[in-house]
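Here the structure is laid out as structure tokens; the discussion comes afterwards.
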Amino acid sequence: MQVLEIKSLTRKDVPIYYRMFYSGVAVIELPTKSVNLTIDFSIEMMPTGRKDIHLSIIDPVDYPIVPVRQAIRKYIVELDAGGKLPI
């Protein structure tokens with residue numbers, strides 16, 4: 001299982017400068033098929049410098065949720081590290 005991309009990625013306006021909210025559609029390749037999942041997530045910069053990611057999967061998933069959440073979080077961290085998230 002792997003995350004292929006996050007489509008329609010948009011940043012929501014929030015007046016808190018250390019917290020960024022995003023929404024999009026994650027395209028995930030499962031062993032038997034590919035699925036599109038609507039997601040919301042936030043990245044919060046903690047006082048220690050660590051980034052905390054909160055993820056909400058809106059659509060139901062016909063697959064164990066823990067590996068799906070881990071794969072999406074890992075993909076989000078890679079996007080953030082590469083500077084590919086909308087500003």
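All residue names refer to the structure tokens as shown: chains lettered A, B, ... in order, residues numbered from 1 in each chain, ligands numbered from 1 in order.
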
Considering only C-alpha atoms, return as a ChimeraX atom specification whatever protein or nucleic-acid residues lie within 10 Å of Met46 of chain A, sequence-local ones (same chain, fewer than 4 positions apart) excluded. /A:18-19,50-52

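Residues in contact range of Tyr63 of chain A, defined as at most 10 Å between only C-alpha atoms, with sequence neighbours fewer than 3 positions away removed, read Leu30, Pro31, Pro60, Val66, Pro67 and Val68 of chain A.
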
Name the residues of segment 3-86 of chain A that come out as strand (DSSP E) in a backbone DSSP run; write them as JSON, numbers by chain. {"A": [3, 4, 5, 6, 7, 8, 9, 10, 11, 12, 19, 20, 21, 22, 23, 24, 25, 26, 27, 28, 29, 34, 35, 36, 37, 38, 39, 40, 41, 42, 43, 44, 45, 51, 52, 53, 54, 55, 56, 57]}

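In this comparison, which uses only C-alpha atoms, the residue of A:Glu78, A:Ile58, A:Ile28, A:Ser42 approaching Thr10 of chain A most closely is A:Ser42.
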
Could you tell me how far atom CA of Val61 of chain A sits from atom CA of Leu9 of chain A, in Å to one decimal place? 19.7 Å

Excluding Lys84 of chain A and its own-chain neighbours fewer than 3 positions away, which residues fall within 12 Å of it when counting only C-alpha atoms? Please give them as a short mmCIF file (atom, residue, chain, number, x, y, z; two decimals) with C-alpha atoms, in the first residue's frame.
```cif
data_model
loop_
_atom_site.label_atom_id
_atom_site.label_comp_id
_atom_site.auth_asym_id
_atom_site.auth_seq_id
_atom_site.Cartn_x
_atom_site.Cartn_y
_atom_site.Cartn_z
CA GLU A 5 -0.65 11.70 -4.46
CA ILE A 6 -2.86 14.19 -2.69
CA LEU A 9 -4.73 20.20 -1.89
CA THR A 10 -5.82 23.55 -0.48
CA ARG A 11 -4.84 25.52 2.58
CA TYR A 75 3.51 11.39 2.69
CA ILE A 76 2.49 14.68 4.34
CA VAL A 77 5.85 14.88 6.14
CA GLU A 78 7.64 14.35 2.81
CA LEU A 79 5.55 17.08 1.14
CA ASP A 80 6.28 19.48 4.01
CA ALA A 81 10.00 18.71 4.03
CA ILE A 87 1.45 28.50 1.46
#
```
